[in-house]
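Engineer: Structure file structure.cif, mmCIF, C-alpha atoms and all ligand atoms, is pasted below:
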data_protein
#
loop_
_atom_site.label_atom_id
_atom_site.label_comp_id
_atom_site.auth_asym_id
_atom_site.auth_seq_id
_atom_site.Cartn_x
_atom_site.Cartn_y
_atom_site.Cartn_z
CA MET F 1 56.77 -42.04 -53.73
CA LYS F 2 54.75 -45.22 -53.61
CA ALA F 3 53.66 -44.61 -57.17
CA SER F 4 57.22 -44.52 -58.46
CA TYR F 5 58.09 -47.79 -56.71
CA PHE F 6 55.06 -49.27 -58.36
CA VAL F 7 56.25 -48.14 -61.79
CA ILE F 8 59.78 -49.42 -61.18
CA VAL F 9 58.36 -52.79 -60.22
CA LEU F 10 56.25 -52.79 -63.37
CA LEU F 11 59.30 -52.00 -65.46
CA LEU F 12 61.34 -54.77 -63.86
CA PHE F 13 58.75 -57.25 -64.97
CA SER F 14 58.41 -56.01 -68.50
CA ASP F 15 60.72 -56.15 -71.50
CA VAL F 16 59.68 -52.82 -72.88
CA THR F 17 62.31 -50.13 -73.09
CA LEU F 18 60.74 -46.83 -72.18
CA THR F 19 61.89 -43.30 -72.75
CA SER F 20 62.23 -41.24 -69.60
CA GLY F 21 59.52 -38.85 -70.81
CA PHE F 22 57.09 -41.69 -70.99
CA ILE F 23 58.12 -42.90 -67.54
CA ASP F 24 57.42 -39.41 -66.16
CA VAL F 25 53.94 -39.53 -67.57
CA VAL F 26 53.29 -42.98 -66.13
CA VAL F 27 54.62 -41.88 -62.73
CA GLY F 28 52.45 -38.75 -62.84
CA VAL F 29 49.30 -40.61 -63.75
CA THR F 30 49.93 -43.30 -61.16
CA ALA F 31 50.54 -40.67 -58.46
CA TYR F 32 47.31 -38.96 -59.42
CA ILE F 33 45.33 -42.19 -59.22
CA TYR F 34 46.97 -42.89 -55.87
CA THR F 35 45.76 -39.54 -54.42
CA LEU F 36 42.24 -40.26 -55.65
CA PHE F 37 42.14 -43.32 -53.45
CA LYS F 38 43.91 -41.74 -50.52
CA GLY F 39 41.67 -41.42 -47.52
CA ASP F 40 40.24 -38.25 -46.07
CA ASN F 41 41.12 -38.97 -42.47
CA LEU F 42 42.63 -37.28 -39.46
CA LEU F 43 46.37 -36.71 -39.40
CA PRO F 44 48.01 -37.88 -36.19
CA PHE F 45 48.01 -34.57 -34.32
CA ASP F 46 51.50 -33.22 -33.61
CA PRO F 47 51.60 -30.07 -31.44
CA ALA F 48 55.26 -29.40 -32.36
CA ARG F 49 54.51 -29.50 -36.08
CA PHE F 50 51.50 -27.23 -35.53
CA GLU F 51 53.61 -24.74 -33.57
CA LYS F 52 56.26 -24.71 -36.28
CA ASP F 53 53.64 -24.14 -38.96
CA LEU F 54 52.19 -21.17 -37.04
CA ASN F 55 55.64 -19.70 -36.36
CA GLU F 56 56.74 -19.96 -39.96
CA ASN F 57 53.59 -19.07 -41.80
CA LEU F 58 51.66 -16.57 -39.73
CA TYR F 59 53.03 -13.04 -39.61
CA GLY F 60 52.63 -10.44 -36.90
CA GLN F 61 50.04 -12.29 -34.81
CA HIS F 62 51.72 -13.27 -31.55
CA ILE F 63 48.48 -13.41 -29.54
CA VAL F 64 46.76 -15.56 -32.17
CA SER F 65 49.69 -17.99 -32.39
CA LYS F 66 49.81 -18.46 -28.68
CA VAL F 67 46.09 -18.84 -28.01
CA VAL F 68 45.28 -20.95 -31.07
CA LEU F 69 48.24 -23.26 -30.44
CA LYS F 70 47.17 -23.86 -26.88
CA ALA F 71 43.44 -24.17 -27.54
CA VAL F 72 43.68 -26.47 -30.57
CA SER F 73 46.49 -28.60 -29.12
CA SER F 74 44.72 -29.29 -25.86
CA PHE F 75 41.47 -30.00 -27.68
CA MET F 76 43.04 -32.37 -30.21
CA THR F 77 45.03 -34.28 -27.61
CA ASP F 78 42.02 -34.70 -25.31
CA SER F 79 40.46 -38.08 -26.09
CA ASN F 80 37.22 -37.05 -24.47
CA PRO F 81 36.54 -33.31 -24.71
CA ASN F 82 33.41 -32.16 -22.87
CA LYS F 83 32.30 -29.62 -25.47
CA PRO F 84 33.13 -28.69 -29.04
CA LEU F 85 35.99 -26.23 -29.56
CA VAL F 86 34.53 -22.83 -30.40
CA LEU F 87 36.82 -19.97 -31.44
CA SER F 88 35.85 -16.50 -32.59
CA PHE F 89 38.44 -14.64 -34.72
CA HIS F 90 38.25 -10.84 -34.80
CA GLY F 91 40.10 -8.29 -36.90
CA THR F 92 40.04 -6.11 -39.99
CA THR F 93 40.44 -7.46 -43.54
CA GLY F 94 43.52 -9.38 -44.60
CA VAL F 95 45.00 -9.94 -41.14
CA GLY F 96 44.96 -13.74 -41.50
CA LYS F 97 41.68 -15.07 -40.09
CA ASN F 98 40.98 -17.43 -42.99
CA HIS F 99 44.65 -18.25 -43.22
CA VAL F 100 44.74 -19.48 -39.60
CA ALA F 101 41.61 -21.59 -40.14
CA LYS F 102 43.42 -23.28 -43.03
CA ILE F 103 46.59 -23.78 -40.98
CA ILE F 104 44.48 -25.54 -38.35
CA ALA F 105 42.86 -27.70 -41.06
CA ARG F 106 46.16 -28.80 -42.56
CA ASN F 107 47.35 -29.89 -39.13
CA ILE F 108 44.23 -31.92 -38.49
CA TYR F 109 43.23 -33.54 -41.79
CA GLU F 110 45.27 -35.51 -44.30
CA LYS F 111 43.75 -33.42 -47.05
CA GLY F 112 44.03 -30.15 -45.16
CA ASP F 113 41.63 -27.44 -46.28
CA GLN F 114 40.66 -29.68 -49.22
CA SER F 115 39.21 -32.18 -46.78
CA SER F 116 35.49 -32.80 -47.00
CA HIS F 117 35.47 -32.39 -43.20
CA TYR F 118 36.57 -28.76 -43.49
CA ILE F 119 33.32 -26.97 -44.19
CA THR F 120 33.08 -23.23 -44.74
CA PHE F 121 30.05 -21.03 -44.92
CA ILE F 122 30.09 -17.41 -46.03
CA SER F 123 26.99 -15.63 -44.77
CA GLU F 124 26.17 -13.50 -47.75
CA HIS F 125 27.11 -16.19 -50.23
CA HIS F 126 25.42 -19.23 -48.73
CA PHE F 127 22.49 -17.51 -47.03
CA PRO F 128 21.74 -14.41 -49.12
CA HIS F 129 17.95 -14.15 -48.96
CA LYS F 130 16.30 -12.99 -45.80
CA ASP F 131 12.95 -14.56 -46.64
CA MET F 132 14.51 -18.00 -47.03
CA VAL F 133 15.92 -18.13 -43.53
CA ASP F 134 13.63 -21.01 -42.45
CA MET F 135 14.91 -23.16 -45.26
CA TYR F 136 18.55 -22.17 -44.57
CA SER F 137 18.13 -22.96 -40.92
CA ALA F 138 16.75 -26.45 -41.59
CA GLN F 139 19.48 -27.10 -44.14
CA LEU F 140 22.26 -25.88 -41.88
CA LYS F 141 21.02 -28.01 -39.04
CA GLN F 142 20.94 -31.06 -41.25
CA TRP F 143 24.40 -30.40 -42.70
CA ILE F 144 26.05 -29.91 -39.34
CA SER F 145 24.49 -32.98 -37.76
CA GLY F 146 24.93 -35.06 -40.94
CA ASN F 147 28.63 -34.27 -41.16
CA VAL F 148 29.33 -34.69 -37.46
CA SER F 149 27.49 -38.02 -37.26
CA SER F 150 29.57 -39.40 -40.12
CA PHE F 151 32.82 -37.74 -38.93
CA PRO F 152 32.86 -36.40 -35.34
CA GLN F 153 35.98 -34.23 -35.84
CA SER F 154 34.39 -32.09 -38.55
CA MET F 155 35.39 -28.43 -38.66
CA PHE F 156 32.94 -25.66 -39.51
CA VAL F 157 34.12 -22.17 -40.43
CA PHE F 158 31.56 -19.37 -40.56
CA ASP F 159 32.91 -16.38 -42.44
CA GLU F 160 31.29 -12.92 -42.07
CA MET F 161 29.72 -14.09 -38.81
CA ASP F 162 28.76 -10.47 -38.07
CA LYS F 163 26.51 -10.53 -41.15
CA MET F 164 24.84 -13.80 -40.24
CA ASN F 165 21.10 -13.77 -39.77
CA PRO F 166 20.31 -13.98 -36.02
CA ARG F 167 18.07 -16.99 -36.64
CA LEU F 168 20.98 -18.90 -38.14
CA VAL F 169 23.21 -17.88 -35.25
CA GLU F 170 20.61 -19.49 -32.97
CA THR F 171 20.66 -22.61 -35.15
CA ILE F 172 24.43 -22.89 -34.75
CA LYS F 173 24.17 -22.19 -31.05
CA ALA F 174 22.22 -25.40 -30.50
CA PHE F 175 25.36 -27.36 -31.38
CA LEU F 176 27.81 -25.56 -29.13
CA ASP F 177 26.60 -26.45 -25.71
CA TYR F 178 28.14 -28.83 -23.19
CA THR F 179 25.10 -31.01 -23.36
CA ALA F 180 24.55 -30.65 -27.08
CA ARG F 181 23.09 -33.83 -28.45
CA VAL F 182 20.88 -33.48 -31.47
CA ASP F 183 19.12 -36.64 -32.65
CA GLY F 184 21.47 -38.77 -30.60
CA VAL F 185 24.61 -37.26 -32.14
CA SER F 186 27.22 -35.72 -29.84
CA PHE F 187 29.13 -32.69 -31.06
CA ARG F 188 31.94 -32.69 -28.51
CA LYS F 189 34.66 -33.46 -31.03
CA ALA F 190 33.67 -30.87 -33.62
CA ILE F 191 35.39 -27.52 -34.16
CA PHE F 192 33.50 -24.30 -34.85
CA ILE F 193 35.31 -21.15 -35.95
CA PHE F 194 33.64 -17.79 -36.41
CA LEU F 195 35.35 -15.11 -38.48
CA SER F 196 34.30 -11.48 -38.34
CA ASN F 197 35.41 -7.89 -38.66
CA ALA F 198 33.50 -7.12 -35.46
CA GLY F 199 35.83 -5.50 -32.96
CA GLY F 200 38.40 -4.87 -35.71
CA ASN F 201 38.48 -1.13 -35.06
CA VAL F 202 38.85 -1.58 -31.32
CA ILE F 203 41.84 -3.84 -31.92
CA ALA F 204 43.37 -1.46 -34.47
CA ASN F 205 42.99 1.50 -32.09
CA LEU F 206 44.59 -0.40 -29.28
CA ALA F 207 47.55 -1.36 -31.48
CA LEU F 208 47.85 2.28 -32.48
CA ASP F 209 47.82 3.41 -28.84
CA PHE F 210 50.66 1.02 -28.07
CA TRP F 211 52.62 2.31 -31.02
CA ARG F 212 52.03 5.94 -29.99
CA GLU F 213 53.21 5.16 -26.48
CA GLY F 214 56.40 3.74 -27.95
CA LYS F 215 55.67 0.22 -26.77
CA GLU F 216 56.49 -2.98 -28.60
CA ARG F 217 53.71 -4.63 -30.54
CA GLU F 218 54.60 -7.90 -28.79
CA GLU F 219 53.71 -6.32 -25.44
CA ILE F 220 50.05 -6.28 -26.44
CA GLN F 221 48.29 -9.06 -24.60
CA MET F 222 44.82 -10.52 -24.72
CA ASN F 223 43.84 -8.49 -21.64
CA SER F 224 45.74 -5.28 -22.46
CA LYS F 225 43.55 -2.26 -21.70
CA GLY F 226 40.63 -4.66 -21.30
CA MET F 227 40.80 -5.64 -24.96
CA GLU F 228 38.64 -8.75 -24.67
CA THR F 229 35.95 -6.75 -22.84
CA GLN F 230 36.20 -4.00 -25.41
CA ILE F 231 35.68 -6.51 -28.20
CA PHE F 232 32.59 -7.87 -26.44
CA GLN F 233 31.16 -4.42 -25.99
CA ASN F 234 31.81 -3.59 -29.58
CA ILE F 235 29.96 -6.70 -30.71
CA PHE F 236 27.09 -6.05 -28.32
CA ASN F 237 26.72 -2.47 -29.44
CA ASP F 238 26.55 -3.29 -33.12
CA LYS F 239 22.80 -3.58 -33.51
CA SER F 240 23.01 -4.90 -37.05
CA SER F 241 25.18 -7.85 -36.12
CA GLY F 242 23.75 -11.34 -35.72
CA PHE F 243 26.08 -11.78 -32.76
CA TRP F 244 24.38 -8.93 -30.94
CA HIS F 245 21.02 -10.64 -30.93
CA SER F 246 22.30 -14.00 -30.01
CA SER F 247 22.76 -15.66 -26.70
CA ILE F 248 25.97 -17.31 -27.88
CA ILE F 249 27.97 -14.73 -25.98
CA ASP F 250 26.09 -14.63 -22.70
CA HIS F 251 26.01 -18.40 -22.47
CA HIS F 252 29.82 -18.53 -22.65
CA LEU F 253 29.71 -20.93 -25.54
CA VAL F 254 32.72 -19.34 -27.24
CA ASP F 255 35.96 -20.62 -25.71
CA HIS F 256 38.13 -17.75 -26.94
CA PHE F 257 37.60 -14.41 -28.65
CA ILE F 258 40.88 -14.00 -30.50
CA PRO F 259 42.12 -10.58 -31.64
CA PHE F 260 44.08 -10.28 -34.91
CA LEU F 261 46.26 -7.16 -34.92
CA PRO F 262 46.51 -4.89 -37.96
CA LEU F 263 49.62 -5.70 -40.01
CA GLU F 264 52.65 -3.46 -40.40
CA LEU F 265 54.71 -2.96 -43.51
CA LYS F 266 57.25 -5.62 -42.55
CA HIS F 267 54.51 -8.24 -42.18
CA VAL F 268 53.03 -7.41 -45.56
CA ARG F 269 56.53 -7.71 -47.01
CA GLN F 270 56.74 -11.23 -45.52
CA CYS F 271 53.44 -12.08 -47.21
CA VAL F 272 54.76 -10.89 -50.57
CA LEU F 273 57.91 -12.98 -50.20
CA ALA F 274 55.81 -16.01 -49.22
CA GLU F 275 53.62 -15.49 -52.30
CA MET F 276 56.73 -15.37 -54.49
CA ALA F 277 57.81 -18.70 -53.05
CA SER F 278 54.39 -20.23 -53.55
CA LEU F 279 54.26 -18.97 -57.14
CA SER F 280 57.82 -20.34 -57.65
CA ILE F 281 59.13 -16.91 -58.65
CA THR F 282 62.75 -16.14 -57.77
CA VAL F 283 62.71 -14.15 -54.56
CA ASP F 284 63.30 -10.50 -55.42
CA HIS F 285 63.48 -8.10 -52.49
CA ASP F 286 63.29 -4.95 -54.63
CA LEU F 287 60.17 -6.22 -56.31
CA ALA F 288 58.68 -7.08 -52.91
CA GLU F 289 59.43 -3.55 -51.74
CA SER F 290 57.68 -2.02 -54.77
CA VAL F 291 54.60 -4.16 -54.22
CA VAL F 292 54.43 -3.23 -50.53
CA ARG F 293 54.87 0.50 -51.21
CA GLU F 294 51.86 0.36 -53.52
CA MET F 295 49.55 -0.73 -50.73
CA PRO F 296 47.52 1.74 -48.65
CA PHE F 297 48.47 2.29 -44.99
CA PHE F 298 46.73 4.09 -42.10
CA PRO F 299 46.34 6.37 -40.17
CA PRO F 300 47.16 9.02 -42.77
CA GLU F 301 49.64 10.97 -40.57
CA VAL F 302 51.88 8.04 -39.77
CA THR F 303 50.86 5.25 -42.19
CA ILE F 304 51.85 2.43 -39.94
CA PHE F 305 49.21 -0.27 -40.50
CA SER F 306 48.17 -1.88 -43.76
CA VAL F 307 44.55 -1.13 -44.67
CA LYS F 308 44.05 -4.43 -46.45
CA GLY F 309 46.62 -6.50 -44.62
CA CYS F 310 47.87 -9.25 -46.87
CA LYS F 311 44.69 -9.38 -48.89
CA SER F 312 45.21 -8.97 -52.66
CA VAL F 313 49.00 -9.17 -52.25
CA ARG F 314 49.03 -12.00 -54.74
CA GLN F 315 47.05 -10.01 -57.31
CA LYS F 316 49.36 -7.01 -56.89
CA LEU F 317 52.37 -9.23 -57.36
CA LEU F 318 50.92 -10.84 -60.47
CA LEU F 319 50.37 -7.37 -61.95
CA TYR F 320 54.07 -6.63 -61.53
CA ILE F 321 55.37 -9.83 -63.03
CA GLY F 322 52.64 -10.21 -65.64
C1 LIG C 401 28.05 -31.82 -45.06
O1 LIG C 401 27.96 -30.44 -45.34
C2 LIG C 401 27.86 -30.12 -46.73
C3 LIG C 401 27.77 -28.60 -46.82
O2 LIG C 401 29.03 -28.06 -47.00
C4 LIG C 401 26.64 -30.75 -47.34
O3 LIG C 401 26.61 -30.50 -48.72
C5 LIG C 401 26.66 -32.25 -47.09
O4 LIG C 401 25.46 -32.79 -47.56
C6 LIG C 401 26.81 -32.53 -45.60
N1 LIG C 401 26.96 -33.96 -45.41
C7 LIG C 401 26.08 -34.65 -44.70
C8 LIG C 401 26.40 -36.12 -44.53
O5 LIG C 401 25.08 -34.17 -44.20
#
Could the structure of this file be written out as structure tokens, please?
Structural biologist:
Amino acid sequence: MKASYFVIVLLLFSDVTLTSGFIDVVVGVTAYIYTLFKGDNLLPFDPARFEKDLNENLYGQHIVSKVVLKAVSSFMTDSNPNKPLVLSFHGTTGVGKNHVAKIIARNIYEKGDQSSHYITFISEHHFPHKDMVDMYSAQLKQWISGNVSSFPQSMFVFDEMDKMNPRLVETIKAFLDYTARVDGVSFRKAIFIFLSNAGGNVIANLALDFWREGKEREEIQMNSKGMETQIFQNIFNDKSSGFWHSSIIDHHLVDHFIPFLPLELKHVRQCVLAEMASLSITVDHDLAESVVREMPFFPPEVTIFSVKGCKSVRQKLLLYIG
């Protein structure tokens, strides 16, 4: 907007007659230059806007919406939090764990998930070699403290947390404590989010039980059938998981373990329609139906939950329209 005012002002002070095509180009270029100089700061946090964003853009995750809204809103509106916000997202593939991390980011930073304060690590991508764990650990420590000392509200997302080397989990742990102060830097305003498939099967089975008992999905609560405890146990019992070895859990450093439910057909359909909108394709319900019917569902007898959630929905859709 500002860019176009700028161009209009320029035009008022010049004698040149310009074609509208040329004006478009000038406006475009000016807008681009303007974004280059735009800051990478915090957005004023607005809980109502955040709630609306979650309601409109997250499908089938009533527990997540509720817990994340509450946890992030009270953290962001607290001028003096006593520890960093630490959330652990659990669920099978494609249920929206990364998506929610990005929704949080776009409600916190002007540049959303493009912000340099939104930092993601994927275990097997960033830390692939077991024998280099000392180097990774030193690097990670430096990155976290470097970013937080220059911008206290930095957000760190660790994807595939269940595949993280236990040594690196310990490195992260040092930043999560109430008293965490590393080299004089306080981490109380930072946000840490762990994503993992750990506990995904427990959550899926519980959702299936509810369905078999004829109950509404929305009746599932955080503490239904001891779900939170079951997730813990599942993580503890997985001997290969970095979580299992770590003391993150028994020191209560994680504020919330948040279960993502497996998605049903209607949720996947919503994802397809949302993709159409984001690709600027005319919304076509028949096409959406065909895409959804192509996806695998489980368990085999009743095919109620999507195996891959909303993952690869975009690719499927592009196949159809390509
Ligand atoms: C912040 O973290 C990134 C890793 O994503 C790293 O490249 C960068 O050097 C860090 N910044 C500081 C100031 O340490």
Engineer: Do you know which residues lie at most 9 Å from (45.0, 1.8, -47.5), with coordinates as in the file and all atoms listed in the file counted, and could you write them as a list in words?
Structural biologist: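 In the file's frame, the residues around the point are Met295, Pro296, Phe297, Phe298, Pro299, Pro300, Thr303, Phe305, Ser306, Val307, Lys308 and Gly309 of chain F.
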Engineer: Can I get the residues close to ligand LIG 401 (chain C) as a list in words, where close means within 10 Å and we count all atoms listed in the file?
Structural biologist: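 The distance check yields Ser116, His117, Tyr118, Ile119, Thr120, Phe121, His126, Gln139, Leu140, Lys141, Gln142, Trp143, Ile144, Ser145, Gly146, Asn147, Val148, Ser149, Ser150, Phe151, Ser154 and Phe156 of chain F.
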Engineer: Do a neighbour search on F:Lys225 at 12 Å with all atoms listed in the file, toss out local chain neighbours closer than 5 positions, and write the hits as a compact mmCIF listing (two decimals) with C-alpha atoms, keeping the file's coordinate frame.
Structural biologist:
# COMPACT_ATOMS: atom_id res chain seq x y z
CA VAL F 202 38.85 -1.58 -31.32
CA ILE F 203 41.84 -3.84 -31.92
CA ASN F 205 42.99 1.50 -32.09
CA LEU F 206 44.59 -0.40 -29.28
CA ALA F 207 47.55 -1.36 -31.48
CA ASP F 209 47.82 3.41 -28.84
CA PHE F 210 50.66 1.02 -28.07
CA GLU F 219 53.71 -6.32 -25.44
CA ILE F 220 50.05 -6.28 -26.44
CA GLN F 230 36.20 -4.00 -25.41
CA ILE F 231 35.68 -6.51 -28.20
Engineer: Would you compute the distance between atom CA of F:Arg314 and atom CA of F:Leu263? Give it in Å to one decimal.
Structural biologist: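 Taking atom CA of F:Arg314 as the start and atom CA of F:Leu263 as the end point, the length is 16.0 Å.
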Engineer: For a quick check of understanding, using only C-alpha atoms, which of F:Thr179, F:Ser312, F:Asn57, F:Thr229 has the smallest distance to F:Ile104?
Structural biologist: F:Asn57
Engineer: Between atom CA of F:His256 and atom CA of F:Leu42, what is the distance, to one decimal in Å?
Structural biologist: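 Separation of atom CA of F:His256 and atom CA of F:Leu42: 23.6 Å.
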Engineer: Could you tell me how far atom CA of F:Arg212 lies from atom CA of F:Glu228, in Å and to one decimal?
Structural biologist: 20.6 Å
Engineer: Taking all atoms listed in the file into account, which of F:Lys111, F:Leu54, F:Arg167, F:Val86 comes nearest F:Met135?
Structural biologist: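 Between F:Lys111, F:Leu54, F:Arg167, F:Val86, the residue approaching F:Met135 most closely is F:Arg167.
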